[in-house]
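Asks: Mind looking over this structure? Questions follow.
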Amino acid sequence: MASPAVVLIGVFGLIPVAWSIALSFQRNDLQTPAEWVGVHNYDTLVHDPVFRDAVLHTIVYTALFVPLTLVLSLLAAAALNHRVRGITVYRLAVFLPVVTSTVATGVVFSWLMDPEYGLLNAALHRVGLPTLGFFSSPSQALFAVVAMTVWGWVGFGALIFLAGLQGIPPELVEAARIDGCTRAGAFWRIQVPLLRPVSGFLLVWLTINALQLFDEVYVTTKGGPLHATTVVVYYLYQQAFQYFHAGYAAAIATVLFAAIALITLVQLRVTREDPDGGTAR
Amino acid sequence: MSASGTAYPRRRRRRPSGWHLVLVPTALLMAAPLLWMLVTSLSTLTETRQYPPRLPASPQWHNYVQAWTESPFAHWLWNSTVVSVTCVVSNVVLCALAGYAFARLRFPGSRVAFFAILVTLMVPFQVTMIPTLIIIKHLHLVDSLPALALPSLVTPFGIYLLRQFFVSLPVELEEAALIDGASRLRILRSILLPLMGPPVMTVAILTFLQVWNDFLWPLVVTSSTDVMTIQLGLATFQSAHFTNWPVLMAGTVMSQLPVIVLFVLGQRFFVSSIASSGIK
């Protein structure tokens with residue numbers, strides 16, 4: 001019964017992992033016969049300035065994207081967790097970006113952030129602030145990518161947090177309110193700590209996805225201007241499919257895999273631990 | 001939550017809640033990019049180049065006609081539908097079979113196989129992408145619709161989700177039928193299938209969203225226009241109409257419309273499916 005699924009997972013899930021690691025020790029252009037080169041690819045990788053920049057951009061991007069998305073989606077979920085009139089419409093507005101494709105997000109934001117005619121610069125101009133270059137400015141492009149992807153992911157975070165909030169028995173908050181706790185106090189001291197497993201999951205999930213950023217960069221900046229938004233997966237793509245250095249790209253993939261596995265393990269360990277000794281889990 | 005006016009006199013329902021003051025700006029901010037996409041798709045090119053930006057004087061529906069006729073949008077939407085539906089059906093059937101087997105049957109290697117599946121759950125696609133492309137090359141399937149569907153026919157998450165579901169069901173449900181000599185497949189079909197609605201819905205929705213919105217794999221494995229999915233088509237369309245924002249936005253609206261309509265119609269199912277992918 002399980003065999004079709006197991007065979008498919010084996011062929012398209014397991015074998016490629018081992019294969020990819022093997023590839024990383026080869027010179028391979030996907031056309032001519034491959035050649036074993038030992039650790040040559042890794043050696044080149046360590047000294048590759050573009051790769052170093054790509055790692056740096058990925059770290060900066062992740063360090064901004066993850067906390068911003070976490071905090072904003074928690075606040076959005078708190079606001080959406082009320083049975084007020086029209087709440088379905090409010091939720092729809094916040095959740096729609098969850099199903100909007102990354103390509104569409106990229107296309108729409110390259111219009112919103114168009115330096116000349118974009119809506120965002122018009123708004124900045126209206127309130128008397130200097131207009132921005134966004135994706136066309138080497139110093140701003142990465143931050144523009146952060147803003148765009150935060151918009152794309154806040155709905156997902158809010159959706160997960162909202163489900164978590166709705167799983168907390170309302171009596172807990174009501175009891176605290178009767179004891180004289182303010183609404184904000186009840187939120188930060190009762191609901192947020194109880195959301196710990198949910199925030200832990202989101203932290204891991206958002207980090208994994210941040211490290212794999214590609215689509216939005218491809219659509220808006222193609223890694224530019226001046227490599228400013230070349231992140232690890234974008235560089236991997238360029239190496240594999242533009243320069244046909246499949247072995248080198250496989251080495252990048254292996255490093256990425258190791259980094260993701262390591263960060264996930266550390267984050268899981270940290271978020272599982274419960275300093276207050278109880279409630280979470 | 002369900003407190004009525006009598007129990008808590010402070011919370012009168014008549015006065016509009018103060019939360020609207022937070023919710024209206026939040027919702028507007030989140031909806032603004034998509035609303036502006038819609039507005040631009042109905043504007044003239046000249047209207048997109050004026051300051052301050054304003055609503056179109058009259059809706060320019062011909063932008064949609066232009067996008068639709070200049071590029072094979074219908075064809076791309078069809079390709080995406082074929083690939084997504086194939087993957088949804090295959091995931092539901094194969095993940096249910098495998099999930100059931102891993103939950104109820106002990107066969108040689110079953111533990112190792114299940115562990116291996118859990119491991120692949122954690123592997124990012126970028127890691128397996130290049131070897132997968134080589135496999136597809138060996139199968140002579142590069143630049144074809146089967147190549148788009150093949151790596152997503154089964155997802156480890158689907159197997160895991162359905163296995164957890166079957167484990168949570170009492171064995172007693174099946175015991176009588178087993179004693180009467182019914183086969184496992186028969187049990188799955190006539191006893192368990194009616195109970196499988198929610199988890200199957202979740203697998204179907206998550207698979208659909210993932211395959212429909214996927215970009216990297218179609219980008220890598222296809223090259224000809226008539227094999228492209230809608231997302232790759234949209235990216236191609238973008239490079240062809242880079243400064244013609246109204247037509248580009250019309251194309252973007254058309255590319256997102258099927259999923260947006262599905263989401264609005266089944267918001268409850270989508271939300272609970274996406275939420276269950278997180279809280280597990």
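Going through the structure tokens in order, the chains are called A, B, and so on, while each chain numbers its residues from 1 and the ligands are numbered from 1 in the order shown.
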Return as a ChimeraX atom specification the residues belonging to chain A that are within 7 Å of chain B, counting only C-alpha atoms.

Replies: /A:1-2,4-5,8-9,12-14,16-17,19-20,79,84,90,93-94,99-101,103-104,108,117,119,122,159-160,163,170,198,201,215,219,253-254,257

Asks: Filtering to C-alpha atoms, could you give me those residues as a PDB file, in the first residue's frame?

Replies:
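Ended up saving to part_27.pdb:
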ATOM      1  CA  MET A   1       0.000   0.000   0.000  1.00  0.00           C
ATOM      2  CA  ALA A   2       2.777   2.364   0.877  1.00  0.00           C
ATOM      3  CA  PRO A   4       4.079   3.918  -4.621  1.00  0.00           C
ATOM      4  CA  ALA A   5       4.571   6.716  -2.114  1.00  0.00           C
ATOM      5  CA  LEU A   8       8.367   8.334  -5.268  1.00  0.00           C
ATOM      6  CA  ILE A   9       9.808   9.788  -2.051  1.00  0.00           C
ATOM      7  CA  PHE A  12      12.590  12.444  -5.712  1.00  0.00           C
ATOM      8  CA  GLY A  13      13.367  12.979  -2.037  1.00  0.00           C
ATOM      9  CA  LEU A  14      16.113  10.734  -0.706  1.00  0.00           C
ATOM     10  CA  PRO A  16      18.695  13.450  -4.732  1.00  0.00           C
ATOM     11  CA  VAL A  17      20.031  14.397  -1.294  1.00  0.00           C
ATOM     12  CA  TRP A  19      23.351  12.667  -5.166  1.00  0.00           C
ATOM     13  CA  SER A  20      23.593  16.372  -4.420  1.00  0.00           C
ATOM     14  CA  ALA A  79      -6.526  42.546  16.621  1.00  0.00           C
ATOM     15  CA  VAL A  84     -16.624  42.534  15.913  1.00  0.00           C
ATOM     16  CA  TYR A  90     -10.807  42.201   8.007  1.00  0.00           C
ATOM     17  CA  ALA A  93      -7.764  41.407   3.855  1.00  0.00           C
ATOM     18  CA  VAL A  94      -4.972  40.171   6.115  1.00  0.00           C
ATOM     19  CA  VAL A  99      -2.458  32.705  -1.187  1.00  0.00           C
ATOM     20  CA  THR A 100      -0.978  35.403  -3.421  1.00  0.00           C
ATOM     21  CA  SER A 101       1.924  33.886  -5.335  1.00  0.00           C
ATOM     22  CA  VAL A 103       5.722  36.038  -8.430  1.00  0.00           C
ATOM     23  CA  ALA A 104       2.600  38.203  -8.221  1.00  0.00           C
ATOM     24  CA  VAL A 108       2.938  44.171  -7.713  1.00  0.00           C
ATOM     25  CA  TYR A 117       5.415  56.607 -10.640  1.00  0.00           C
ATOM     26  CA  LEU A 119       2.321  54.630  -5.078  1.00  0.00           C
ATOM     27  CA  ALA A 122       3.758  59.371  -4.095  1.00  0.00           C
ATOM     28  CA  LEU A 159      -3.316  33.035  10.664  1.00  0.00           C
ATOM     29  CA  ILE A 160      -1.163  30.661  12.738  1.00  0.00           C
ATOM     30  CA  ALA A 163      -5.476  29.710  15.545  1.00  0.00           C
ATOM     31  CA  PRO A 170     -11.156  32.252  27.317  1.00  0.00           C
ATOM     32  CA  VAL A 198       3.168  28.427  18.207  1.00  0.00           C
ATOM     33  CA  PHE A 201       7.067  26.822  15.226  1.00  0.00           C
ATOM     34  CA  ASP A 215      11.306  33.952  -6.091  1.00  0.00           C
ATOM     35  CA  VAL A 219      11.136  38.828 -10.065  1.00  0.00           C
ATOM     36  CA  ALA A 253      23.218  23.611  -1.592  1.00  0.00           C
ATOM     37  CA  THR A 254      25.019  21.345   0.858  1.00  0.00           C
ATOM     38  CA  PHE A 257      21.249  22.413   3.992  1.00  0.00           C
TER      39      PHE A 257
END

Asks: Using DSSP on the backbone coordinates, identify the residues of segment 131-249 of chain A assigned to helix (DSSP H, G or I); present them as a PyMOL selection string.

Replies: chain A and resi 134-136+141-166+170-178+183-194+196-211+215-220+232-241+246-249

Asks: Determine the nearest neighbour of Tyr237 of chain A from the options B:Ser224, B:Leu162, B:Val211, B:Trp217, counting only C-alpha atoms.

Replies: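 Between B:Ser224, B:Leu162, B:Val211, B:Trp217, the residue approaching Tyr237 of chain A most closely is B:Trp217.
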
Asks: Name all residues at most 6 Å from Ala250 of chain B (count only C-alpha atoms; drop same-chain ones fewer than 3 positions away) and give them as a PyMOL selection string.

Replies: chain B and resi 41+64+247+253

Asks: What's the 10 Å shell around Ser144 of chain B, counting only C-alpha atoms, without same-chain residues fewer than 5 positions away, as a PyMOL selection string?

Replies: chain B and resi 136+149+218+221-224+226-228

Asks: What does the distance between atom CA of Ala141 of chain A and atom CA of Gln267 of chain A come to in Å, to one decimal place?

Replies: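 Computing it gives 28.4 Å between the two atoms.
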
Asks: Report as a Markdown table: every residue of segment 219-269 of chain A with an atom at most 10 Å from segment 36-40 of chain A, its closest pair of atoms, and their distance in Å to one decimal, counting only C-alpha atoms, with rows sorted by chain and ascending residue number.

Replies:
| residue | atom | partner | partner_atom | distance |
| --- | --- | --- | --- | --- |
| A:Gly247 | CA | A:Val37 | CA | 9.4 |
| A:Tyr248 | CA | A:His40 | CA | 8.9 |
| A:Ala251 | CA | A:Val39 | CA | 9.2 |

Asks: Can you spit out the residues from that selection as a CSV table (one decimal), in the first residue's frame, using C-alpha atoms?

Replies:
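Listed below is the output, part30.csv:
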chain,number,residue,atom,x,y,z
A,247,GLY,CA,29.0,20.8,-8.8
A,248,TYR,CA,29.8,24.2,-7.3
A,251,ALA,CA,28.3,22.6,-2.8

Asks: Env of Leu236 of chain A: 8 Å cut, atoms = only C-alpha atoms, seq-sep filter 4 positions within chain, self excluded. Answer as a ChimeraX atom specification.

Replies: /A:232,240,249-250,252-253

Asks: Write a file of the just-selected residues containing N, CA and C atoms, as a compact mmCIF listing (two decimals), in the first residue's frame.

Replies:
# COMPACT_ATOMS: atom_id res chain seq x y z
N VAL A 232 21.77 33.64 -0.96
CA VAL A 232 22.42 32.36 -1.19
C VAL A 232 21.73 31.55 -2.29
N ALA A 240 24.22 27.29 -11.01
CA ALA A 240 23.76 26.05 -11.63
C ALA A 240 23.23 26.28 -13.04
N ALA A 249 27.35 24.61 -7.49
CA ALA A 249 26.03 24.90 -6.96
C ALA A 249 25.61 23.86 -5.92
N ALA A 250 25.98 22.59 -6.17
CA ALA A 250 25.64 21.54 -5.22
C ALA A 250 26.38 21.75 -3.90
N ILE A 252 27.11 24.72 -2.69
CA ILE A 252 26.33 25.77 -2.03
C ILE A 252 25.09 25.16 -1.39
N ALA A 253 24.42 24.25 -2.12
CA ALA A 253 23.22 23.61 -1.59
C ALA A 253 23.52 22.83 -0.32

Asks: Tell me, as a count of residues only, which residues lie within 8 Å of segment 191-193 of chain A, counting only C-alpha atoms; anything in the same chain fewer than 5 positions away does not count.

Replies: 5

Asks: Measuring between only C-alpha atoms, which one of A:Pro138, A:Pro33, A:Gly86, A:Gly133 shows the shortest distance to Thr230 of chain A?

Replies: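 Of A:Pro138, A:Pro33, A:Gly86, A:Gly133, the one nearest Thr230 of chain A, counting only C-alpha atoms, is A:Pro138.
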